[in-house]
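In what follows, a single structure is set out as structure tokens and then discussed.
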Protein chains: 2
Amino acid sequence: MGERENGEPYYVGIDVGGTNVKVGIVDDSGHSHATASVPTEAERPFDVGLANIERAVQLALAKTEFSLEGARAVGLATPGPMDLPAGVLLDPANLPGWHDIPIRQRVSDHFSKPTILQNDANAAAYGEFWMGAAREAHSLVFWTLGTGIGCGIIIGDSIVTGEHSHGSECGHVIIEMDGGRRCDTGQYGTLEAYASAKSLVRRCREALDAGRASSLSARIADKHKLTPLLIAEAAEAGDELAEELIIETARYLGIGTTTLMHTIDPDMVLFGGAMTFGRNETALGRRFLQRIKDEVQTRAFPVPAAKTVIDYASLGGNAGYIGAAGCARLKFGDVK
Amino acid sequence: MGERENGEPYYVGIDVGGTNVKVGIVDDSGHSHATASVPTEAERPFDVGLANIERAVQLALAKTEFSLEGARAVGLATPGPMDLPAGVLLDPANLPGWHDIPIRQRVSDHFSKPTILQNDANAAAYGEFWMGAAREAHSLVFWTLGTGIGCGIIIGDSIVTGEHSHGSECGHVIIEMDGGRRCDTGQYGTLEAYASAKSLVRRCREALDAGRASSLSARIADKHKLTPLLIAEAAEAGDELAEELIIETARYLGIGTTTLMHTIDPDMVLFGGAMTFGRNETALGRRFLQRIKDEVQTRAFPVPAAKTVIDYASLGGNAGYIGAAGCARLKFGDVK
């Protein structure tokens, strides 16, 4: 058991988000054979969530020739905070019904499979490292840009999870020591307080309230909600304020990236997540990345500034379950 | 060869500073059998420096029953910047006559011994990790406070050297993004720009120039040079400005430490180096450390804030050569 007919092991990768559970069946080479996604219903008790996970797993398996019995192990990625050695979810803000859940054991028991738990940003980083834009890299800092700022650090096939499951929480590096903005966790002056999607909206609202001219005022008056997407659309249509706010976000990320380059000194830094403005596919996405790079050039030591590759991630929403499966493979597979 | 009569290997640890070369003969258990120190003469050509290193090695060996021939390997710690994989010193500010020196090969050829090169702060961190205050730790962030701010990060017996030999350069994490102070490397807003001994003196001079009352004004008028030691003495004697400036330094270090706790999440953070104000032996040293801890408590996530041990290092000026010997042991010894 734990392998395909050709003898190659395969894994169930599960990426639990606040909205959806995404599952993929991933073979030992990192190839994804099928995926499925169902609502998490994270505000309901964990038993409901576990049933949803089960449904997503069965939906994905049904699209393949594989069986649950044949899978080697399960990799499970969820938002934190968590106690990784214990396999316990603590009080994840995005999974309000799932507090203090020994989730690794619960999932392992449910599927009768060896199961590993990993932080979702760490899992996505490992996905990019194993199969994505960083697959040739030896070390990686991966930023995931969304409502908050997630991060995962990989050094030579090891994820920096830390001693207390708080490694790679680099959305919470401090970039402004005094009088800084406050992020949702209550910390002041952190990168997340400046560069998250929430902060982008907040900074935009402040500018509009202060009387800055922008096409966004008319959109809001027209009952549109001020969202990162609305701001991005305005920037793409030439709105000066919207462009300025997005490029300012890139500057903050360049500052945080410099701090990481002087700490980890990885050979690659990648940006993924929803707030990447179409990545290299759009002019705005390219300007955003270039502004990050420009900031790094002015701030970092010359050698890492010249040599560190800074780019967008490539796996999109698949990075999490692929990385979760990869973590299961590292722990339970035949990898040396 | 490469071992004592009882079969235990021993190592030559060399710590090159801008002023002195310190050498120790260190056995496989990390016990130091003898040390010697001679002037580096780093402004003269490297050949002179190499002769000084040789002299220090022979002086140390002469105090023991060991021979150079019997040593397993040489561990060499120097200031950076350097290219670690190549074993080359680039343009270290503190070794002005030693630019572009393939120092690992030169030392290895000179002593006919396998030799490993390591950054001095990394070596000191490894010394504390192997034999010092962090010997029970699994991971460590070690700050060395002096003219500049050095750092070494250890995760599970591995030193974070980075892909371009710029890992653990955490004196250059950014703590103030706009309009920040400038450090000697030309970077703005870095921890080093705020918390180094040079910055302490600079901030003191600014305060005196701005008319702040202090006993230091009389000392300077009395031809005393404004140094960190003079400021520390004034603080110990109750000078309000001096105390304030030193405690402010601790606050900056608490901010940088928080950034590292959210990146590495080590189980221990240690402070060593000259600017530690007598460490736990003096009231000022204890207040300094407490202020670092207080800042971390207000800024870090609750779990690492509660669990991470923050303290002074214990090996003092011996950490560098012990750590250098330890690095040689890791690479050339019988360690599994």
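Each chain of the structure tokens is named A, B, ... in the order shown, its residues numbered from 1; ligands are numbered from 1 in display order.
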
With chain A held fixed, move chain B onto it by a least-squares fit of all C-alpha atoms in order and give the output as an mmCIF file with C-alpha atoms, in the first residue's frame.
```cif
data_model
loop_
_atom_site.group_PDB
_atom_site.id
_atom_site.type_symbol
_atom_site.label_atom_id
_atom_site.label_comp_id
_atom_site.auth_asym_id
_atom_site.auth_seq_id
_atom_site.Cartn_x
_atom_site.Cartn_y
_atom_site.Cartn_z
ATOM 1 C CA MET B 1 -0.058 0.048 -0.105
ATOM 2 C CA GLY B 2 0.954 3.687 -0.143
ATOM 3 C CA GLU B 3 1.892 3.538 -3.800
ATOM 4 C CA ARG B 4 0.676 3.420 -7.404
ATOM 5 C CA GLU B 5 0.655 0.241 -9.468
ATOM 6 C CA ASN B 6 4.043 1.284 -10.817
ATOM 7 C CA GLY B 7 5.276 1.357 -7.211
ATOM 8 C CA GLU B 8 5.450 5.133 -6.939
ATOM 9 C CA PRO B 9 3.936 6.538 -3.722
ATOM 10 C CA TYR B 10 1.266 9.227 -3.883
ATOM 11 C CA TYR B 11 -0.122 11.646 -1.352
ATOM 12 C CA VAL B 12 -3.258 13.537 -0.436
ATOM 13 C CA GLY B 13 -2.513 17.258 -0.122
ATOM 14 C CA ILE B 14 -5.111 19.332 1.756
ATOM 15 C CA ASP B 15 -5.046 23.130 1.879
ATOM 16 C CA VAL B 16 -7.580 24.516 4.328
ATOM 17 C CA GLY B 17 -8.466 28.160 3.810
ATOM 18 C CA GLY B 18 -10.977 30.331 5.595
ATOM 19 C CA THR B 19 -13.337 30.010 2.623
ATOM 20 C CA ASN B 20 -12.497 26.772 0.791
ATOM 21 C CA VAL B 21 -10.756 23.471 1.328
ATOM 22 C CA LYS B 22 -8.661 22.569 -1.697
ATOM 23 C CA VAL B 23 -7.424 19.017 -2.112
ATOM 24 C CA GLY B 24 -5.039 17.510 -4.647
ATOM 25 C CA ILE B 25 -3.789 14.003 -5.286
ATOM 26 C CA VAL B 26 -0.060 14.388 -5.830
ATOM 27 C CA ASP B 27 2.412 11.759 -6.893
ATOM 28 C CA ASP B 28 6.001 11.321 -5.780
ATOM 29 C CA SER B 29 7.251 13.483 -8.634
ATOM 30 C CA GLY B 30 5.012 16.349 -7.530
ATOM 31 C CA HIS B 31 2.580 15.931 -10.391
ATOM 32 C CA SER B 32 -1.006 16.706 -9.409
ATOM 33 C CA HIS B 33 -3.495 14.170 -10.825
ATOM 34 C CA ALA B 34 -6.743 15.801 -9.722
ATOM 35 C CA THR B 35 -8.030 18.517 -7.442
ATOM 36 C CA ALA B 36 -11.298 19.403 -5.769
ATOM 37 C CA SER B 37 -12.516 22.335 -3.737
ATOM 38 C CA VAL B 38 -15.443 22.629 -1.320
ATOM 39 C CA PRO B 39 -16.512 25.315 1.150
ATOM 40 C CA THR B 40 -14.729 25.068 4.512
ATOM 41 C CA GLU B 41 -17.632 26.326 6.635
ATOM 42 C CA ALA B 42 -15.011 27.313 9.157
ATOM 43 C CA GLU B 43 -17.421 29.163 11.394
ATOM 44 C CA ARG B 44 -19.205 25.871 12.147
ATOM 45 C CA PRO B 45 -17.790 23.185 14.451
ATOM 46 C CA PHE B 46 -14.781 21.182 13.340
ATOM 47 C CA ASP B 47 -16.846 18.027 12.726
ATOM 48 C CA VAL B 48 -18.544 19.842 9.855
ATOM 49 C CA GLY B 49 -15.187 20.945 8.546
ATOM 50 C CA LEU B 50 -13.814 17.424 8.735
ATOM 51 C CA ALA B 51 -16.796 16.161 6.719
ATOM 52 C CA ASN B 52 -16.066 18.864 4.141
ATOM 53 C CA ILE B 53 -12.423 17.814 3.987
ATOM 54 C CA GLU B 54 -13.551 14.205 3.503
ATOM 55 C CA ARG B 55 -15.858 15.282 0.702
ATOM 56 C CA ALA B 56 -13.107 17.203 -1.088
ATOM 57 C CA VAL B 57 -10.740 14.241 -0.775
ATOM 58 C CA GLN B 58 -13.312 11.844 -2.227
ATOM 59 C CA LEU B 59 -14.180 14.253 -5.051
ATOM 60 C CA ALA B 60 -10.523 14.535 -5.999
ATOM 61 C CA LEU B 61 -9.859 10.808 -5.746
ATOM 62 C CA ALA B 62 -12.921 10.052 -7.896
ATOM 63 C CA LYS B 63 -11.233 11.894 -10.766
ATOM 64 C CA THR B 64 -8.210 9.579 -10.608
ATOM 65 C CA GLU B 65 -7.427 5.888 -10.733
ATOM 66 C CA PHE B 66 -6.108 6.143 -7.166
ATOM 67 C CA SER B 67 -7.703 5.063 -3.907
ATOM 68 C CA LEU B 68 -7.522 6.547 -0.440
ATOM 69 C CA GLU B 69 -6.204 3.208 0.795
ATOM 70 C CA GLY B 70 -3.364 3.386 -1.674
ATOM 71 C CA ALA B 71 -2.175 6.831 -0.577
ATOM 72 C CA ARG B 72 1.042 6.877 1.415
ATOM 73 C CA ALA B 73 0.161 9.795 3.677
ATOM 74 C CA VAL B 74 -1.802 13.024 4.105
ATOM 75 C CA GLY B 75 -0.315 16.509 4.133
ATOM 76 C CA LEU B 76 -2.487 19.130 5.799
ATOM 77 C CA ALA B 77 -1.972 22.890 5.532
ATOM 78 C CA THR B 78 -4.010 25.341 7.614
ATOM 79 C CA PRO B 79 -3.751 28.926 8.798
ATOM 80 C CA GLY B 80 -2.108 29.442 12.204
ATOM 81 C CA PRO B 81 -1.426 29.958 14.962
ATOM 82 C CA MET B 82 -0.725 26.348 15.707
ATOM 83 C CA ASP B 83 1.510 24.096 17.747
ATOM 84 C CA LEU B 84 3.260 22.133 15.024
ATOM 85 C CA PRO B 85 5.011 19.480 17.149
ATOM 86 C CA ALA B 86 1.702 18.765 18.894
ATOM 87 C CA GLY B 87 -0.310 19.013 15.663
ATOM 88 C CA VAL B 88 -2.816 21.335 17.315
ATOM 89 C CA LEU B 89 -4.638 24.357 15.938
ATOM 90 C CA LEU B 90 -4.723 27.116 18.549
ATOM 91 C CA ASP B 91 -7.038 30.024 17.718
ATOM 92 C CA PRO B 92 -6.844 30.708 13.968
ATOM 93 C CA ALA B 93 -8.718 33.920 13.170
ATOM 94 C CA ASN B 94 -9.765 32.540 9.777
ATOM 95 C CA LEU B 95 -11.160 29.272 11.219
ATOM 96 C CA PRO B 96 -13.313 30.632 14.042
ATOM 97 C CA GLY B 97 -15.069 27.326 14.773
ATOM 98 C CA TRP B 98 -11.814 25.359 14.937
ATOM 99 C CA HIS B 99 -10.097 26.553 18.074
ATOM 100 C CA ASP B 100 -7.933 24.186 20.123
ATOM 101 C CA ILE B 101 -8.362 21.275 17.722
ATOM 102 C CA PRO B 102 -5.816 18.419 17.693
ATOM 103 C CA ILE B 103 -6.274 18.519 13.945
ATOM 104 C CA ARG B 104 -3.373 16.321 12.880
ATOM 105 C CA GLN B 105 -4.620 13.419 14.998
ATOM 106 C CA ARG B 106 -8.256 13.987 14.015
ATOM 107 C CA VAL B 107 -7.431 13.934 10.301
ATOM 108 C CA SER B 108 -5.045 11.009 10.697
ATOM 109 C CA ASP B 109 -7.679 8.988 12.574
ATOM 110 C CA HIS B 110 -10.384 9.910 10.095
ATOM 111 C CA PHE B 111 -8.412 8.773 7.047
ATOM 112 C CA SER B 112 -6.343 6.114 8.826
ATOM 113 C CA LYS B 113 -3.252 7.683 7.298
ATOM 114 C CA PRO B 114 -0.028 9.121 8.640
ATOM 115 C CA THR B 115 -0.616 12.876 8.566
ATOM 116 C CA ILE B 116 1.614 15.918 8.830
ATOM 117 C CA LEU B 117 0.392 19.405 9.747
ATOM 118 C CA GLN B 118 2.007 22.514 8.311
ATOM 119 C CA ASN B 119 1.280 26.238 8.366
ATOM 120 C CA ASP B 120 -0.403 27.238 5.072
ATOM 121 C CA ALA B 121 2.190 29.839 4.045
ATOM 122 C CA ASN B 122 5.009 27.413 4.829
ATOM 123 C CA ALA B 123 3.284 24.705 2.799
ATOM 124 C CA ALA B 124 2.825 27.060 -0.158
ATOM 125 C CA ALA B 125 6.493 28.024 0.095
ATOM 126 C CA TYR B 126 7.450 24.378 0.026
ATOM 127 C CA GLY B 127 5.157 23.843 -2.972
ATOM 128 C CA GLU B 128 6.943 26.579 -4.909
ATOM 129 C CA PHE B 129 10.296 25.200 -3.760
ATOM 130 C CA TRP B 130 9.477 21.636 -4.779
ATOM 131 C CA MET B 131 7.508 22.153 -7.997
ATOM 132 C CA GLY B 132 7.143 25.871 -8.717
ATOM 133 C CA ALA B 133 9.205 28.906 -9.577
ATOM 134 C CA ALA B 134 11.860 28.013 -6.980
ATOM 135 C CA ARG B 135 12.382 24.394 -8.011
ATOM 136 C CA GLU B 136 15.999 25.109 -8.982
ATOM 137 C CA ALA B 137 16.671 27.113 -5.833
ATOM 138 C CA HIS B 138 18.550 25.934 -2.781
ATOM 139 C CA SER B 139 16.805 28.378 -0.450
ATOM 140 C CA LEU B 140 13.708 30.531 -0.683
ATOM 141 C CA VAL B 141 11.815 33.336 0.983
ATOM 142 C CA PHE B 142 8.213 33.162 -0.212
ATOM 143 C CA TRP B 143 5.774 35.989 0.503
ATOM 144 C CA THR B 144 2.069 35.409 0.131
ATOM 145 C CA LEU B 145 0.199 38.666 -0.303
ATOM 146 C CA GLY B 146 -3.450 38.801 0.665
ATOM 147 C CA THR B 147 -5.653 40.015 3.482
ATOM 148 C CA GLY B 148 -2.551 39.514 5.622
ATOM 149 C CA ILE B 149 1.083 38.910 4.705
ATOM 150 C CA GLY B 150 2.178 35.303 4.979
ATOM 151 C CA CYS B 151 5.699 34.011 4.612
ATOM 152 C CA GLY B 152 7.533 30.746 4.310
ATOM 153 C CA ILE B 153 11.286 30.241 4.455
ATOM 154 C CA ILE B 154 13.035 27.186 3.055
ATOM 155 C CA ILE B 155 16.711 26.493 3.562
ATOM 156 C CA GLY B 156 17.996 23.409 1.773
ATOM 157 C CA ASP B 157 14.794 21.310 1.915
ATOM 158 C CA SER B 158 14.016 22.391 5.498
ATOM 159 C CA ILE B 159 11.145 24.716 6.341
ATOM 160 C CA VAL B 160 11.997 27.295 9.011
ATOM 161 C CA THR B 161 9.117 26.551 11.385
ATOM 162 C CA GLY B 162 10.905 27.751 14.515
ATOM 163 C CA GLU B 163 10.995 26.366 18.019
ATOM 164 C CA HIS B 164 7.499 27.584 18.896
ATOM 165 C CA SER B 165 5.825 27.257 15.478
ATOM 166 C CA HIS B 166 6.348 30.985 14.858
ATOM 167 C CA GLY B 167 9.218 30.766 12.376
ATOM 168 C CA SER B 168 8.693 32.446 8.981
ATOM 169 C CA GLU B 169 5.996 34.757 10.399
ATOM 170 C CA CYS B 170 7.717 37.542 8.517
ATOM 171 C CA GLY B 171 4.585 39.560 7.911
ATOM 172 C CA HIS B 172 5.456 40.586 11.452
ATOM 173 C CA VAL B 173 8.962 41.870 10.930
ATOM 174 C CA ILE B 174 9.038 45.484 12.097
ATOM 175 C CA ILE B 175 9.724 48.104 9.430
ATOM 176 C CA GLU B 176 8.735 51.235 11.382
ATOM 177 C CA MET B 177 9.632 51.309 15.025
ATOM 178 C CA ASP B 178 7.760 54.353 16.301
ATOM 179 C CA GLY B 179 4.216 55.484 15.665
ATOM 180 C CA GLY B 180 3.766 52.790 13.060
ATOM 181 C CA ARG B 181 0.497 51.443 11.722
ATOM 182 C CA ARG B 182 -1.211 48.653 13.611
ATOM 183 C CA CYS B 183 -1.932 45.258 12.068
ATOM 184 C CA ASP B 184 -4.825 42.946 12.923
ATOM 185 C CA THR B 185 -2.772 41.057 15.476
ATOM 186 C CA GLY B 186 -2.337 44.309 17.408
ATOM 187 C CA GLN B 187 1.331 44.758 16.576
ATOM 188 C CA TYR B 188 2.637 48.148 15.512
ATOM 189 C CA GLY B 189 4.904 48.975 12.609
ATOM 190 C CA THR B 190 4.948 45.499 11.088
ATOM 191 C CA LEU B 191 5.235 44.848 7.377
ATOM 192 C CA GLU B 192 1.697 43.468 7.404
ATOM 193 C CA ALA B 193 0.392 46.719 8.882
ATOM 194 C CA TYR B 194 1.675 48.496 5.764
ATOM 195 C CA ALA B 195 1.580 46.044 2.889
ATOM 196 C CA SER B 196 -1.462 43.811 3.370
ATOM 197 C CA ALA B 197 -4.604 44.149 1.257
ATOM 198 C CA LYS B 198 -6.371 45.478 4.344
ATOM 199 C CA SER B 199 -3.733 48.157 4.721
ATOM 200 C CA LEU B 200 -3.996 49.101 1.048
ATOM 201 C CA VAL B 201 -7.717 49.699 1.479
ATOM 202 C CA ARG B 202 -7.143 51.587 4.729
ATOM 203 C CA ARG B 203 -4.471 53.809 3.219
ATOM 204 C CA CYS B 204 -6.731 54.469 0.240
ATOM 205 C CA ARG B 205 -9.630 55.446 2.454
ATOM 206 C CA GLU B 206 -7.380 57.790 4.439
ATOM 207 C CA ALA B 207 -6.211 59.483 1.249
ATOM 208 C CA LEU B 208 -9.771 59.890 -0.040
ATOM 209 C CA ASP B 209 -10.907 61.211 3.331
ATOM 210 C CA ALA B 210 -8.037 63.682 3.187
ATOM 211 C CA GLY B 211 -9.446 64.956 -0.076
ATOM 212 C CA ARG B 212 -7.133 63.327 -2.627
ATOM 213 C CA ALA B 213 -8.702 63.378 -6.085
ATOM 214 C CA SER B 214 -9.339 59.942 -7.535
ATOM 215 C CA SER B 215 -11.722 58.130 -9.846
ATOM 216 C CA LEU B 216 -12.363 55.887 -6.853
ATOM 217 C CA SER B 217 -14.535 58.575 -5.220
ATOM 218 C CA ALA B 218 -17.079 58.274 -8.031
ATOM 219 C CA ARG B 219 -17.001 54.479 -7.882
ATOM 220 C CA ILE B 220 -17.655 54.523 -4.137
ATOM 221 C CA ALA B 221 -20.452 57.090 -4.561
ATOM 222 C CA ASP B 222 -21.831 54.615 -7.117
ATOM 223 C CA LYS B 223 -22.144 52.027 -4.281
ATOM 224 C CA HIS B 224 -18.979 50.136 -5.095
ATOM 225 C CA LYS B 225 -17.182 48.768 -2.070
ATOM 226 C CA LEU B 226 -13.579 49.895 -1.744
ATOM 227 C CA THR B 227 -11.586 46.699 -2.297
ATOM 228 C CA PRO B 228 -8.045 45.867 -3.422
ATOM 229 C CA LEU B 229 -9.547 44.785 -6.745
ATOM 230 C CA LEU B 230 -11.315 48.120 -7.209
ATOM 231 C CA ILE B 231 -8.076 49.932 -6.406
ATOM 232 C CA ALA B 232 -6.168 47.726 -8.851
ATOM 233 C CA GLU B 233 -8.729 48.372 -11.579
ATOM 234 C CA ALA B 234 -8.456 52.108 -10.993
ATOM 235 C CA ALA B 235 -4.658 51.909 -11.155
ATOM 236 C CA GLU B 236 -4.817 49.978 -14.428
ATOM 237 C CA ALA B 237 -7.169 52.635 -15.799
ATOM 238 C CA GLY B 238 -4.621 55.318 -14.968
ATOM 239 C CA ASP B 239 -5.837 56.581 -11.586
ATOM 240 C CA GLU B 240 -2.894 58.338 -10.014
ATOM 241 C CA LEU B 241 -3.773 57.757 -6.363
ATOM 242 C CA ALA B 242 -4.509 54.064 -6.875
ATOM 243 C CA GLU B 243 -1.221 53.574 -8.702
ATOM 244 C CA GLU B 244 0.664 55.470 -6.019
ATOM 245 C CA LEU B 245 -0.828 53.370 -3.216
ATOM 246 C CA ILE B 246 -0.013 50.099 -4.960
ATOM 247 C CA ILE B 247 3.546 51.148 -5.752
ATOM 248 C CA GLU B 248 3.940 52.304 -2.144
ATOM 249 C CA THR B 249 2.911 48.781 -1.115
ATOM 250 C CA ALA B 250 5.718 47.411 -3.266
ATOM 251 C CA ARG B 251 8.168 49.743 -1.552
ATOM 252 C CA TYR B 252 7.181 48.355 1.860
ATOM 253 C CA LEU B 253 7.656 44.829 0.545
ATOM 254 C CA GLY B 254 11.115 45.769 -0.733
ATOM 255 C CA ILE B 255 12.033 46.934 2.751
ATOM 256 C CA GLY B 256 10.824 43.696 4.350
ATOM 257 C CA THR B 257 12.596 41.701 1.654
ATOM 258 C CA THR B 258 15.873 43.498 2.378
ATOM 259 C CA THR B 259 15.560 42.540 6.045
ATOM 260 C CA LEU B 260 15.099 38.906 4.992
ATOM 261 C CA MET B 261 18.028 39.065 2.554
ATOM 262 C CA HIS B 262 20.229 40.224 5.451
ATOM 263 C CA THR B 263 18.936 37.414 7.646
ATOM 264 C CA ILE B 264 18.377 34.356 5.455
ATOM 265 C CA ASP B 265 20.212 35.479 2.298
ATOM 266 C CA PRO B 266 18.202 33.084 0.094
ATOM 267 C CA ASP B 267 18.954 32.599 -3.566
ATOM 268 C CA MET B 268 15.347 33.387 -4.416
ATOM 269 C CA VAL B 269 12.516 35.592 -3.145
ATOM 270 C CA LEU B 270 9.049 34.921 -4.556
ATOM 271 C CA PHE B 271 5.740 36.744 -4.275
ATOM 272 C CA GLY B 272 2.431 34.911 -4.505
ATOM 273 C CA GLY B 273 -1.114 35.277 -3.276
ATOM 274 C CA ALA B 274 -4.131 37.258 -4.411
ATOM 275 C CA MET B 275 -2.602 40.726 -4.191
ATOM 276 C CA THR B 276 -0.056 40.355 -6.984
ATOM 277 C CA PHE B 277 -1.944 42.463 -9.563
ATOM 278 C CA GLY B 278 -1.870 39.956 -12.391
ATOM 279 C CA ARG B 279 1.834 39.304 -11.820
ATOM 280 C CA ASN B 280 4.041 39.440 -14.903
ATOM 281 C CA GLU B 281 0.957 39.228 -17.127
ATOM 282 C CA THR B 282 -0.059 42.863 -16.602
ATOM 283 C CA ALA B 283 1.744 46.173 -16.789
ATOM 284 C CA LEU B 284 0.677 46.931 -13.222
ATOM 285 C CA GLY B 285 2.002 43.575 -11.998
ATOM 286 C CA ARG B 286 5.335 44.230 -13.695
ATOM 287 C CA ARG B 287 5.591 47.738 -12.238
ATOM 288 C CA PHE B 288 4.758 46.357 -8.787
ATOM 289 C CA LEU B 289 7.541 43.765 -8.944
ATOM 290 C CA GLN B 290 10.005 46.279 -10.387
ATOM 291 C CA ARG B 291 9.334 48.676 -7.505
ATOM 292 C CA ILE B 292 10.086 45.889 -5.011
ATOM 293 C CA LYS B 293 13.353 45.208 -6.823
ATOM 294 C CA ASP B 294 14.252 48.902 -6.974
ATOM 295 C CA GLU B 295 13.817 49.243 -3.212
ATOM 296 C CA VAL B 296 16.019 46.196 -2.613
ATOM 297 C CA GLN B 297 18.697 47.641 -4.917
ATOM 298 C CA THR B 298 18.925 50.844 -2.882
ATOM 299 C CA ARG B 299 18.941 49.089 0.492
ATOM 300 C CA ALA B 300 20.594 45.667 0.376
ATOM 301 C CA PHE B 301 24.293 44.795 0.418
ATOM 302 C CA PRO B 302 25.663 44.819 -3.135
ATOM 303 C CA VAL B 303 26.319 41.064 -3.442
ATOM 304 C CA PRO B 304 22.854 39.789 -2.450
ATOM 305 C CA ALA B 305 21.274 42.766 -4.247
ATOM 306 C CA ALA B 306 22.983 41.655 -7.461
ATOM 307 C CA LYS B 307 22.498 37.918 -7.073
ATOM 308 C CA THR B 308 19.176 37.245 -5.363
ATOM 309 C CA VAL B 309 16.429 36.391 -7.853
ATOM 310 C CA ILE B 310 13.178 38.223 -7.075
ATOM 311 C CA ASP B 311 10.086 37.141 -8.984
ATOM 312 C CA TYR B 312 6.475 36.027 -8.810
ATOM 313 C CA ALA B 313 5.502 32.539 -7.710
ATOM 314 C CA SER B 314 4.175 30.205 -10.392
ATOM 315 C CA LEU B 315 1.759 27.733 -8.793
ATOM 316 C CA GLY B 316 -0.982 30.161 -7.790
ATOM 317 C CA GLY B 317 -3.659 28.580 -5.615
ATOM 318 C CA ASN B 318 -2.148 25.118 -6.121
ATOM 319 C CA ALA B 319 0.996 25.824 -4.111
ATOM 320 C CA GLY B 320 -0.649 25.001 -0.773
ATOM 321 C CA TYR B 321 -1.882 21.471 -1.406
ATOM 322 C CA ILE B 322 1.164 20.596 -3.518
ATOM 323 C CA GLY B 323 3.408 21.804 -0.704
ATOM 324 C CA ALA B 324 1.324 19.965 1.894
ATOM 325 C CA ALA B 325 1.706 16.766 -0.147
ATOM 326 C CA GLY B 326 5.419 17.515 -0.457
ATOM 327 C CA CYS B 327 5.722 17.819 3.325
ATOM 328 C CA ALA B 328 3.983 14.441 3.695
ATOM 329 C CA ARG B 329 6.439 13.012 1.174
ATOM 330 C CA LEU B 330 9.423 14.465 3.058
ATOM 331 C CA LYS B 331 8.242 12.862 6.277
ATOM 332 C CA PHE B 332 6.601 9.632 5.170
ATOM 333 C CA GLY B 333 7.950 9.016 1.666
ATOM 334 C CA ASP B 334 11.017 7.243 0.402
ATOM 335 C CA VAL B 335 13.019 10.454 0.084
ATOM 336 C CA LYS B 336 16.532 10.025 1.411
#
```

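The residues of range 228-320 of chain A that DSSP assigns to strand (DSSP E or B) on this backbone come out as Met268, Val269, Leu270, Phe271, Gly272, Val309, Ile310, Asp311 and Tyr312 of chain A.
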
Written file, previous selection with N, CA and C atoms, as a PDB file, in the first residue's frame:
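Printed below is again12.pdb as written:
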```pdb
ATOM      1  N   MET A 268      16.517  32.938  -3.718  1.00  0.00           N
ATOM      2  CA  MET A 268      15.315  33.400  -4.417  1.00  0.00           C
ATOM      3  C   MET A 268      14.299  33.966  -3.436  1.00  0.00           C
ATOM      4  N   VAL A 269      13.615  35.033  -3.889  1.00  0.00           N
ATOM      5  CA  VAL A 269      12.489  35.604  -3.150  1.00  0.00           C
ATOM      6  C   VAL A 269      11.304  35.614  -4.111  1.00  0.00           C
ATOM      7  N   LEU A 270      10.201  35.000  -3.696  1.00  0.00           N
ATOM      8  CA  LEU A 270       9.020  34.934  -4.561  1.00  0.00           C
ATOM      9  C   LEU A 270       7.819  35.597  -3.897  1.00  0.00           C
ATOM     10  N   PHE A 271       6.958  36.159  -4.732  1.00  0.00           N
ATOM     11  CA  PHE A 271       5.716  36.767  -4.267  1.00  0.00           C
ATOM     12  C   PHE A 271       4.533  36.029  -4.885  1.00  0.00           C
ATOM     13  N   GLY A 272       3.628  35.582  -4.028  1.00  0.00           N
ATOM     14  CA  GLY A 272       2.408  34.938  -4.502  1.00  0.00           C
ATOM     15  C   GLY A 272       1.215  35.494  -3.760  1.00  0.00           C
ATOM     16  N   VAL A 309      17.457  36.330  -6.850  1.00  0.00           N
ATOM     17  CA  VAL A 309      16.395  36.394  -7.859  1.00  0.00           C
ATOM     18  C   VAL A 309      15.081  36.735  -7.171  1.00  0.00           C
ATOM     19  N   ILE A 310      14.423  37.782  -7.658  1.00  0.00           N
ATOM     20  CA  ILE A 310      13.149  38.222  -7.087  1.00  0.00           C
ATOM     21  C   ILE A 310      12.098  38.127  -8.182  1.00  0.00           C
ATOM     22  N   ASP A 311      11.030  37.365  -7.928  1.00  0.00           N
ATOM     23  CA  ASP A 311      10.047  37.143  -8.996  1.00  0.00           C
ATOM     24  C   ASP A 311       8.704  36.757  -8.381  1.00  0.00           C
ATOM     25  N   TYR A 312       7.735  36.556  -9.264  1.00  0.00           N
ATOM     26  CA  TYR A 312       6.450  36.046  -8.809  1.00  0.00           C
ATOM     27  C   TYR A 312       6.489  34.528  -8.716  1.00  0.00           C
TER      28      TYR A 312
END
```

Members of range 3-210 of chain A assigned helix (DSSP H, G or I) by DSSP, as an NGL selection string: :A and (46-62 or 103-111 or 120-131 or 170-172 or 191-195 or 197-209)
